[in-house]
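Asks: Okay, so here is work.tsv, and as you'll see once you scroll down, it has TSV, C-alpha atoms.
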chain	number	residue	atom	x	y	z
Q	1	MET	CA	43.15	-6.62	-93.61
Q	2	ARG	CA	39.60	-6.71	-92.31
Q	3	PRO	CA	40.60	-7.84	-88.80
Q	4	VAL	CA	43.24	-5.09	-88.74
Q	5	LEU	CA	40.68	-2.47	-89.78
Q	6	ALA	CA	38.25	-3.74	-87.17
Q	7	ASN	CA	40.93	-3.47	-84.50
Q	8	ILE	CA	41.70	0.11	-85.54
Q	9	VAL	CA	38.03	1.07	-85.36
Q	10	LEU	CA	37.58	-0.59	-81.97
Q	11	ALA	CA	40.72	1.06	-80.63
Q	12	ALA	CA	39.51	4.48	-81.79
Q	13	ALA	CA	36.09	3.88	-80.29
Q	14	GLY	CA	37.69	2.78	-77.04
Q	15	ALA	CA	39.77	5.95	-76.89
Q	16	MET	CA	36.68	8.09	-77.39
Q	17	LEU	CA	34.82	6.06	-74.77
Q	18	ALA	CA	37.60	6.80	-72.31
Q	19	ALA	CA	37.39	10.50	-73.15
Q	20	ALA	CA	33.62	10.48	-72.68
Q	21	VAL	CA	34.00	8.88	-69.26
Q	22	VAL	CA	36.86	11.10	-68.08
Q	23	ALA	CA	35.52	14.44	-69.36
Q	24	PRO	CA	32.64	14.76	-66.87
Q	25	ALA	CA	34.91	14.05	-63.91
Q	26	ALA	CA	37.35	16.72	-65.07
Q	27	ALA	CA	34.57	19.27	-65.52
Q	28	ALA	CA	33.08	18.44	-62.13
Q	29	SER	CA	36.33	19.41	-60.40
Q	30	GLN	CA	35.90	23.06	-61.40
Q	31	SER	CA	34.06	25.53	-59.18
Q	32	PRO	CA	31.35	27.94	-60.35
Q	33	PRO	CA	32.30	31.62	-60.40
Q	34	ALA	CA	30.92	34.13	-57.91
Q	35	ILE	CA	27.76	35.63	-59.40
Q	36	GLY	CA	26.90	38.35	-56.88
Q	37	PRO	CA	23.79	38.58	-54.68
Q	38	VAL	CA	21.51	35.54	-54.68
Q	39	ILE	CA	18.14	36.26	-56.27
Q	40	GLY	CA	15.44	35.87	-53.64
Q	41	GLY	CA	17.69	36.16	-50.60
Q	42	ALA	CA	21.06	35.00	-49.28
Q	43	GLN	CA	19.72	31.87	-47.55
Q	44	LEU	CA	18.63	30.52	-50.94
Q	45	ALA	CA	22.30	30.04	-51.84
Q	46	GLY	CA	22.26	26.87	-49.74
Q	47	HIS	CA	22.25	23.46	-51.42
Q	48	GLY	CA	20.65	21.37	-48.69
Q	49	VAL	CA	17.19	21.57	-47.10
Q	50	LEU	CA	16.44	25.14	-46.03
Q	51	VAL	CA	13.79	25.84	-43.41
Q	52	ASN	CA	13.42	28.21	-40.43
Q	53	TYR	CA	11.37	26.46	-37.77
Q	54	PRO	CA	9.95	28.76	-35.10
Q	55	SER	CA	10.17	27.94	-31.43
Q	56	GLY	CA	7.34	25.71	-30.37
Q	57	SER	CA	5.62	22.80	-32.01
Q	58	VAL	CA	5.10	22.97	-35.78
Q	59	PRO	CA	4.94	20.17	-38.33
Q	60	ARG	CA	8.33	19.05	-39.64
Q	61	LEU	CA	9.00	18.83	-43.36
Q	62	PRO	CA	8.02	15.55	-45.01
Q	63	ALA	CA	10.72	13.32	-46.42
Q	64	VAL	CA	10.88	14.08	-50.14
Q	65	THR	CA	13.13	12.27	-52.60
Q	66	ALA	CA	14.14	14.99	-55.05
Q	67	SER	CA	17.40	16.77	-55.77
Q	68	ALA	CA	15.77	20.19	-55.57
Q	69	TRP	CA	12.40	21.63	-54.55
Q	70	VAL	CA	10.61	24.81	-53.47
Q	71	ILE	CA	7.37	25.40	-51.59
Q	72	ALA	CA	6.24	29.05	-51.77
Q	73	ASP	CA	3.25	31.29	-51.12
Q	74	ALA	CA	2.25	32.80	-54.46
Q	75	GLY	CA	0.44	35.71	-52.84
Q	76	THR	CA	3.10	36.96	-50.45
Q	77	GLY	CA	6.03	35.62	-52.46
Q	78	GLN	CA	7.47	33.97	-49.36
Q	79	VAL	CA	9.54	30.83	-49.94
Q	80	LEU	CA	8.49	28.70	-46.98
Q	81	ALA	CA	11.18	26.05	-47.43
Q	82	ALA	CA	13.44	24.75	-50.17
Q	83	LYS	CA	16.18	22.34	-51.13
Q	84	ASP	CA	18.97	23.46	-53.48
Q	85	PRO	CA	16.60	26.12	-54.88
Q	86	HIS	CA	19.12	27.66	-57.30
Q	87	GLY	CA	20.76	24.38	-58.36
Q	88	TRP	CA	20.77	23.81	-62.12
Q	89	TYR	CA	18.86	20.77	-63.39
Q	90	ARG	CA	17.22	19.60	-66.59
Q	91	PRO	CA	13.60	20.82	-66.71
Q	92	ALA	CA	11.97	18.20	-68.96
Q	93	SER	CA	8.39	19.26	-69.78
Q	94	THR	CA	8.06	21.72	-66.90
Q	95	LEU	CA	9.81	24.07	-69.35
Q	96	LYS	CA	6.50	24.16	-71.23
Q	97	VAL	CA	5.17	26.43	-68.48
Q	98	LEU	CA	7.78	29.01	-69.52
Q	99	THR	CA	6.97	28.42	-73.20
Q	100	ALA	CA	3.28	29.06	-72.52
Q	101	ILE	CA	3.64	32.19	-70.41
Q	102	SER	CA	6.13	33.60	-72.95
Q	103	LEU	CA	4.10	32.97	-76.10
Q	104	ILE	CA	0.49	33.45	-74.92
Q	105	PRO	CA	0.93	37.26	-74.90
Q	106	VAL	CA	2.42	37.40	-78.43
Q	107	LEU	CA	0.23	34.93	-80.36
Q	108	ASN	CA	-3.37	35.43	-81.45
Q	109	PRO	CA	-5.30	32.50	-79.91
Q	110	ASN	CA	-7.78	32.45	-82.81
Q	111	ALA	CA	-5.15	32.39	-85.55
Q	112	THR	CA	-3.87	29.22	-87.17
Q	113	VAL	CA	-0.39	27.79	-87.51
Q	114	VAL	CA	0.73	25.62	-90.42
Q	115	ALA	CA	2.74	22.76	-88.93
Q	116	SER	CA	6.24	22.43	-90.37
Q	117	LYS	CA	8.09	19.20	-91.00
Q	118	GLN	CA	10.46	20.17	-88.19
Q	119	ALA	CA	7.53	20.41	-85.76
Q	120	THR	CA	5.91	17.16	-86.85
Q	121	THR	CA	9.10	15.10	-86.68
Q	122	VAL	CA	9.90	15.93	-83.04
Q	123	SER	CA	10.29	12.66	-81.17
Q	124	PRO	CA	8.17	11.89	-79.27
Q	125	ASN	CA	5.67	14.23	-80.91
Q	126	ILE	CA	2.76	13.26	-78.59
Q	127	VAL	CA	-0.27	14.82	-80.31
Q	128	GLY	CA	0.70	13.86	-83.88
Q	129	LEU	CA	0.54	17.07	-85.93
Q	130	LEU	CA	0.68	16.62	-89.70
Q	131	ALA	CA	3.03	18.72	-91.82
Q	132	GLY	CA	1.21	21.28	-93.93
Q	133	HIS	CA	-1.98	21.18	-91.85
Q	134	ALA	CA	-3.22	24.28	-90.05
Q	135	TYR	CA	-3.97	24.25	-86.32
Q	136	LYS	CA	-5.57	26.85	-84.07
Q	137	VAL	CA	-3.17	28.50	-81.65
Q	138	SER	CA	-5.48	28.01	-78.64
Q	139	ASP	CA	-5.78	24.29	-79.44
Q	140	LEU	CA	-1.99	24.00	-79.57
Q	141	PHE	CA	-1.66	25.63	-76.14
Q	142	THR	CA	-4.23	23.21	-74.73
Q	143	ALA	CA	-2.33	20.22	-76.14
Q	144	LEU	CA	0.92	21.70	-74.84
Q	145	LEU	CA	-0.26	21.93	-71.23
Q	146	THR	CA	-2.53	18.89	-70.98
Q	147	ILE	CA	-0.86	16.00	-72.80
Q	148	SER	CA	2.52	17.75	-72.99
Q	149	ALA	CA	2.64	17.81	-76.80
Q	150	ASN	CA	6.23	18.32	-77.92
Q	151	ASP	CA	5.18	18.98	-81.51
Q	152	ALA	CA	2.71	21.63	-80.36
Q	153	ALA	CA	5.53	23.37	-78.49
Q	154	MET	CA	7.63	23.49	-81.64
Q	155	ALA	CA	4.73	24.77	-83.75
Q	156	LEU	CA	3.97	27.53	-81.23
Q	157	ALA	CA	7.60	28.63	-81.04
Q	158	GLN	CA	7.77	28.80	-84.85
Q	159	ALA	CA	4.51	30.76	-84.90
Q	160	ALA	CA	6.37	33.63	-83.23
Q	161	GLY	CA	8.00	34.21	-86.63
Q	162	SER	CA	10.67	31.53	-86.60
Q	163	LEU	CA	12.00	29.01	-84.14
Q	164	SER	CA	14.91	31.30	-83.31
Q	165	GLN	CA	12.50	34.17	-82.61
Q	166	GLY	CA	10.32	31.94	-80.46
Q	167	MET	CA	13.30	30.79	-78.40
Q	168	ALA	CA	14.43	34.41	-78.08
Q	169	ASP	CA	10.99	35.31	-76.71
Q	170	ILE	CA	11.10	32.42	-74.25
Q	171	ASN	CA	14.54	33.29	-72.92
Q	172	ALA	CA	13.67	36.99	-72.80
Q	173	GLU	CA	10.69	36.19	-70.58
Q	174	ALA	CA	12.93	34.18	-68.27
Q	175	ARG	CA	15.26	37.17	-67.96
Q	176	ARG	CA	12.31	39.53	-67.37
Q	177	LEU	CA	11.09	37.33	-64.52
Q	178	GLN	CA	14.64	37.27	-63.06
Q	179	ALA	CA	14.74	33.51	-63.67
Q	180	ASP	CA	18.46	33.71	-64.28
Q	181	ASP	CA	19.12	30.01	-63.60
Q	182	THR	CA	17.21	29.15	-66.78
Q	183	VAL	CA	18.48	28.71	-70.31
Q	184	ALA	CA	15.94	27.31	-72.77
Q	185	VAL	CA	17.31	25.59	-75.87
Q	186	THR	CA	14.16	23.67	-76.88
Q	187	PRO	CA	10.58	24.94	-76.48
Q	188	ASN	CA	9.34	21.57	-75.21
Q	189	GLY	CA	11.92	20.73	-72.56
Q	190	LEU	CA	13.39	17.75	-74.40
Q	191	ASP	CA	16.98	17.41	-73.26
Q	192	ALA	CA	19.55	19.59	-75.00
Q	193	PRO	CA	23.14	20.55	-74.09
Q	194	GLY	CA	23.21	23.78	-72.09
Q	195	GLN	CA	19.52	23.71	-71.16
Q	196	HIS	CA	18.71	23.97	-67.47
Q	197	THR	CA	16.48	25.57	-64.87
Q	198	SER	CA	16.09	25.61	-61.09
Q	199	ALA	CA	13.31	24.86	-58.62
Q	200	TYR	CA	13.26	28.57	-57.78
Q	201	ASP	CA	12.84	29.62	-61.41
Q	202	LEU	CA	10.01	27.12	-61.92
Q	203	ALA	CA	8.21	28.81	-59.01
Q	204	LEU	CA	8.61	32.18	-60.76
Q	205	PHE	CA	7.10	30.71	-63.94
Q	206	ALA	CA	4.17	29.23	-62.03
Q	207	ARG	CA	3.52	32.52	-60.24
Q	208	GLN	CA	3.39	34.33	-63.58
Q	209	GLY	CA	1.04	31.68	-64.95
Q	210	LEU	CA	-1.33	32.26	-62.04
Q	211	ARG	CA	-1.64	35.89	-63.19
Q	212	MET	CA	-2.71	34.84	-66.71
Q	213	PRO	CA	-6.35	33.73	-67.17
Q	214	ALA	CA	-5.54	32.22	-70.57
Q	215	PHE	CA	-2.76	30.10	-69.10
Q	216	LEU	CA	-5.04	28.79	-66.35
Q	217	LYS	CA	-7.78	28.01	-68.87
Q	218	TYR	CA	-5.43	25.85	-70.95
Q	219	ASP	CA	-3.70	24.36	-67.91
Q	220	GLN	CA	-6.93	23.36	-66.15
Q	221	THR	CA	-8.48	21.62	-69.17
Q	222	THR	CA	-9.22	18.05	-68.14
Q	223	GLY	CA	-10.32	16.51	-71.44
Q	224	GLY	CA	-11.47	17.00	-75.00
Q	225	LEU	CA	-10.51	16.22	-78.57
Q	226	PHE	CA	-7.72	17.60	-80.73
Q	227	ARG	CA	-8.46	17.49	-84.43
Q	228	ILE	CA	-5.44	16.27	-86.37
Q	229	SER	CA	-7.12	16.23	-89.78
Q	230	GLN	CA	-10.61	16.02	-91.22
Q	231	LYS	CA	-10.59	12.28	-90.62
Q	232	LYS	CA	-8.65	11.99	-87.38
Q	233	SER	CA	-8.87	13.35	-83.85
Q	234	VAL	CA	-7.03	12.41	-80.67
Q	235	GLY	CA	-8.23	12.58	-77.10
Q	236	LEU	CA	-6.80	15.09	-74.64
Q	237	TRP	CA	-6.41	14.40	-70.95
Q	238	ASN	CA	-4.57	16.33	-68.30
Q	239	GLN	CA	-1.46	14.51	-67.11
Q	240	ASN	CA	-1.41	16.59	-63.92
Q	241	SER	CA	-3.41	14.25	-61.70
Q	242	LEU	CA	-3.18	16.79	-58.86
Q	243	LEU	CA	-6.25	18.44	-60.42
Q	244	ALA	CA	-8.36	15.36	-59.82
Q	245	THR	CA	-6.88	14.09	-56.57
Q	246	TYR	CA	-5.94	17.08	-54.41
Q	247	PRO	CA	-8.53	19.42	-52.84
Q	248	GLY	CA	-7.84	22.98	-53.96
Q	249	ALA	CA	-5.58	22.06	-56.90
Q	250	ILE	CA	-5.63	24.75	-59.60
Q	251	GLY	CA	-2.90	23.76	-62.05
Q	252	GLY	CA	0.56	22.49	-62.74
Q	253	LYS	CA	2.74	20.55	-65.15
Q	254	ILE	CA	4.58	17.26	-64.97
Q	255	GLY	CA	7.75	16.38	-66.84
Q	256	TRP	CA	10.07	13.43	-67.37
Q	257	THR	CA	13.04	12.37	-69.43
Q	258	SER	CA	15.56	9.67	-68.64
Q	259	ALA	CA	18.19	12.36	-68.08
Q	260	ALA	CA	16.06	14.80	-66.06
Q	261	GLY	CA	14.15	12.24	-64.03
Q	262	ALA	CA	10.68	13.32	-62.96
Q	263	THR	CA	10.05	17.06	-62.65
Q	264	TYR	CA	6.98	18.89	-61.42
Q	265	VAL	CA	5.17	22.20	-60.94
Q	266	GLY	CA	1.99	22.18	-58.85
Q	267	MET	CA	-0.40	24.91	-57.65
Q	268	ALA	CA	-3.20	24.78	-55.09
Q	269	ARG	CA	-5.44	27.23	-53.24
Q	270	ARG	CA	-7.13	26.82	-49.87
Q	271	HIS	CA	-8.85	29.43	-47.68
Q	272	GLY	CA	-7.49	32.28	-49.78
Q	273	VAL	CA	-3.88	31.03	-49.71
Q	274	THR	CA	-2.26	29.94	-52.98
Q	275	LEU	CA	0.84	27.76	-52.80
Q	276	ILE	CA	3.32	26.72	-55.48
Q	277	VAL	CA	5.43	23.57	-55.27
Q	278	THR	CA	8.24	22.70	-57.68
Q	279	LEU	CA	10.45	19.62	-57.78
Q	280	LEU	CA	13.41	18.60	-59.94
Q	281	HIS	CA	15.10	15.24	-60.46
Q	282	CYS	CA	12.68	12.91	-58.64
Q	283	PRO	CA	12.25	9.16	-59.05
Q	284	ALA	CA	9.70	8.43	-61.78
Q	285	LEU	CA	6.04	8.49	-60.75
Q	286	THR	CA	6.76	10.00	-57.31
Q	287	GLU	CA	6.63	13.68	-58.18
Q	288	ILE	CA	2.92	14.36	-57.62
Q	289	ASN	CA	2.76	12.56	-54.27
Q	290	ALA	CA	5.90	14.43	-53.20
Q	291	GLY	CA	4.22	17.65	-54.31
Q	292	LYS	CA	1.12	16.83	-52.27
Q	293	SER	CA	3.23	16.22	-49.17
Q	294	LEU	CA	4.95	19.59	-49.50
Q	295	LEU	CA	1.66	21.36	-50.21
Q	296	ASN	CA	0.12	19.79	-47.10
Q	297	TRP	CA	3.06	21.01	-45.04
Q	298	GLY	CA	2.90	24.45	-46.62
Q	299	PHE	CA	-0.78	24.93	-45.85
Q	300	ALA	CA	-0.17	23.75	-42.27
Q	301	VAL	CA	2.70	26.15	-41.52
Q	302	ASP	CA	2.10	29.16	-43.80
Q	303	GLY	CA	2.23	32.24	-41.60
Q	304	THR	CA	4.10	30.50	-38.78
Q	305	VAL	CA	7.53	29.73	-40.26
Q	306	ARG	CA	9.97	32.49	-41.12
Q	307	PRO	CA	10.57	32.36	-44.89
Q	308	VAL	CA	13.93	31.33	-46.28
Q	309	GLY	CA	13.59	33.77	-49.17
Q	310	THR	CA	11.16	35.45	-51.52
Q	311	LEU	CA	9.93	35.09	-55.09
Q	312	VAL	CA	11.17	38.27	-56.73
Q	313	SER	CA	9.11	40.56	-58.95
Q	314	ALA	CA	9.67	40.81	-62.67
Q	315	ARG	CA	12.11	43.33	-64.05
Q	316	PRO	CA	10.47	46.50	-65.44
Q	317	GLN	CA	9.02	46.19	-68.92
Q	318	PRO	CA	10.72	48.08	-71.78
Q	319	PRO	CA	9.12	51.48	-72.52
Q	320	ALA	CA	7.29	50.14	-75.58
Q	321	ALA	CA	6.19	46.53	-75.71
Q	322	ALA	CA	6.26	44.77	-79.08
Q	323	PRO	CA	2.79	44.24	-80.60
Q	324	SER	CA	1.26	40.79	-80.69
Q	325	ARG	CA	2.37	38.68	-83.63
Q	326	PRO	CA	-0.70	37.03	-85.12
Q	327	ALA	CA	0.13	33.61	-86.47
Q	328	GLY	CA	-1.65	32.89	-89.72
Q	329	LYS	CA	-1.90	30.42	-92.55
Q	330	GLY	CA	1.10	30.36	-94.81
Q	331	GLN	CA	4.73	29.42	-94.46
Q	332	PRO	CA	5.60	28.08	-91.00
Q	333	GLY	CA	8.68	29.35	-89.18
Q	334	THR	CA	11.89	27.70	-90.30
Q	335	GLY	CA	14.48	29.35	-88.04
Q	336	GLN	CA	16.96	27.40	-85.99
Q	337	PRO	CA	17.20	27.53	-82.20
Q	338	ALA	CA	19.14	30.46	-80.81
Q	339	THR	CA	22.55	29.43	-79.48
Q	340	ALA	CA	22.46	29.48	-75.70
Q	341	GLN	CA	25.01	31.74	-74.07
Q	342	ARG	CA	27.95	29.92	-72.53
Q	343	ILE	CA	27.45	29.75	-68.80
Q	344	THR	CA	29.18	27.97	-65.96
Q	345	ALA	CA	26.97	25.54	-64.09
Q	346	ARG	CA	27.33	24.12	-60.63
Q	347	PRO	CA	29.84	21.25	-60.84
Q	348	GLU	CA	27.18	18.54	-60.78
Q	349	ALA	CA	25.08	20.16	-63.48
Q	350	ARG	CA	28.08	20.82	-65.72
Q	351	ALA	CA	29.17	17.21	-65.44
Q	352	GLN	CA	25.71	16.03	-66.43
Q	353	SER	CA	25.66	18.33	-69.46
Q	354	VAL	CA	29.00	17.06	-70.72
Q	355	ALA	CA	28.04	13.42	-70.18
Q	356	ALA	CA	24.86	13.75	-72.22
Q	357	SER	CA	26.10	16.08	-74.94
Q	358	PRO	CA	25.23	14.81	-78.42
Q	359	SER	CA	28.20	16.70	-79.85
Q	360	VAL	CA	30.39	13.84	-78.65
Q	361	LEU	CA	28.34	11.45	-80.73
Q	362	VAL	CA	28.42	13.68	-83.79
Q	363	ALA	CA	32.20	13.90	-83.60
Q	364	ALA	CA	32.54	10.14	-83.71
Q	365	GLY	CA	31.19	9.86	-87.24
Q	366	PHE	CA	31.64	6.14	-87.61
Q	367	SER	CA	30.38	2.79	-86.36
Q	368	GLY	CA	31.94	3.16	-82.92
Q	369	VAL	CA	29.26	5.78	-82.13
Q	370	VAL	CA	26.97	3.04	-80.81
Q	371	LEU	CA	29.51	2.13	-78.15
Q	372	LEU	CA	29.84	5.79	-77.27
Q	373	ALA	CA	26.09	6.13	-76.79
Q	374	VAL	CA	26.00	3.12	-74.45
Q	375	ALA	CA	28.90	4.39	-72.36
Q	376	ALA	CA	27.52	7.93	-72.19
Q	377	GLY	CA	24.19	6.53	-71.03
Q	378	VAL	CA	25.87	4.57	-68.24
Q	379	VAL	CA	27.86	7.60	-67.11
Q	380	TYR	CA	24.82	9.86	-67.27
Q	381	SER	CA	22.64	7.40	-65.35
Q	382	ARG	CA	25.21	7.31	-62.58
Q	383	ARG	CA	25.47	11.10	-62.49
Q	384	GLN	CA	21.69	11.54	-62.31
Q	385	ARG	CA	21.11	9.70	-59.05
Q	386	PRO	CA	19.57	12.16	-56.59
Q	387	ARG	CA	21.87	13.51	-53.95
Q	388	PRO	CA	20.87	12.53	-50.42
Write the structure described by the file as structure tokens, please.
Replies:
Amino acid sequence: MRPVLANIVLAAAGAMLAAAVVAPAAAASQSPPAIGPVIGGAQLAGHGVLVNYPSGSVPRLPAVTASAWVIADAGTGQVLAAKDPHGWYRPASTLKVLTAISLIPVLNPNATVVASKQATTVSPNIVGLLAGHAYKVSDLFTALLTISANDAAMALAQAAGSLSQGMADINAEARRLQADDTVAVTPNGLDAPGQHTSAYDLALFARQGLRMPAFLKYDQTTGGLFRISQKKSVGLWNQNSLLATYPGAIGGKIGWTSAAGATYVGMARRHGVTLIVTLLHCPALTEINAGKSLLNWGFAVDGTVRPVGTLVSARPQPPAAAPSRPAGKGQPGTGQPATAQRITARPEARAQSVAASPSVLVAAGFSGVVLLAVAAGVVYSRRQRPRP
């Protein structure tokens, strides 16, 4: 009977493997619905490289290997050039920029947060918070933006009252900024079904960060110590090497997961001009050099090329803003993430989301789940190759 049972299990696993492979292709055949005017200008609806060269001799765009990118003037709001600016991609840790600009205004930087088990068991946790220990909010923001601490992101989101409240705040800020390509499911950018952003939205987040002295203070920190407990501290260093290697660099955030590839937000200022560069789905370890190339081009042509669009202003604030929520010692937030609204992605993005969805694995519920994970990984890897 054992061989028979094994054959049944393998047959069932094989059927689910076939479903996992076929489902993304079926989803990719659907078209996204019409969504009205394109935020930032009609030309930004394009999916390829977008640039308006003037007559005469001007530098041509550098070759950049990324599925989507934007180079924009933060002061004027002009988008100088872009590639697939509104395409939906996984953000990885660049989402932490949105987390920071959303929660800095509502959390008391001098208050403390008691780390929950949920926060400390995030994998990878990066900084190594200990459950039941209290941490200063400002220190958590520094760890968030320097060494990209996933556990710090969770603790900060829970400090808003609960994880669900923190995620509501984060998504509300995206809507306020008109970053309508973005749905945040995790506060740290770790991959989750339904979570996505665009190169255009990342530029909106960076522009808002530039307006916030507290954000820049955390984001520009280059080193220090983070105290985990009375007996243990860990070193902080800024993963954004642009700060140390590019003249005029003033901030940014790197990101990477196997599903998202490398992602990046960079900011630099020269001669009174502040530029923002964002990239999504790059080959690993190429994102900062690609960002430098686009920044160099942007500084060379700013004021001479006709923009392909604009970074829009935030929507008006409600009549009465909610007061700051001071985090304090006591029970940490225990809410669950808010369920992301169901939205229709571009075909490529929707296919990627289906291929990576953990709900397929949960449904398996038996030993064949390992085979499912392997197959899903192969399908997802193939789907994630950058488009030419």
Asks: With only C-alpha atoms as the counted atoms, please give the residues lying no more than 8 Å from His47 of chain Q, apart from itself and same-chain residues fewer than 6 positions off, as a list of chain:residue names.
Replies: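 My list of contacting residues is Q:Lys83, Q:Asp84, Q:Pro85, Q:His86, Q:Gly87.
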Asks: From the options Q:Ala82, Q:Ala259, Q:Met154, Q:Ala160, which residue's atoms come nearest to Leu129 of chain Q, counting all atoms listed in the file?
Replies: Q:Met154
Asks: How close does each residue of segment 113-160 of chain Q get to segment 191-215 of chain Q, giving the shortest atom pair and distance in Å to one decimal for every residue with an atom at most 10 Å away, counting only C-alpha atoms, sorted by chain and residue number, as a tab-separated table?
Replies:
residue	atom	partner	partner_atom	distance
Q:Ser138	CA	Q:Ala214	CA	9.1
Q:Phe141	CA	Q:Phe215	CA	8.4
Q:Thr142	CA	Q:Phe215	CA	9.0
Q:Leu145	CA	Q:Phe215	CA	8.8
Asks: Within 10 Å of (15.8, 14.3, -50.9), in the coordinates the file gives, what residues turn up when you count all atoms listed in the file, written out as number ranges by chain?
Replies: Q: 48-49, 62-69, 83, 281-282, 386-388
Asks: How far is it from atom CA of Lys292 of chain Q to atom CA of Val38 of chain Q, in Å with one decimal?
Replies: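 Computing the Euclidean distance for atom CA of Lys292 of chain Q and atom CA of Val38 of chain Q yields 27.8 Å.
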Asks: When you look at Leu80 of chain Q with a cut-off of 10 Å (counting only C-alpha atoms), what residues show up, excluding the ones that are within fewer than 4 positions of it in the same chain? I need them as a PyMOL selection string.
Replies: chain Q and resi 50-53+70-73+275+297-298+301-310
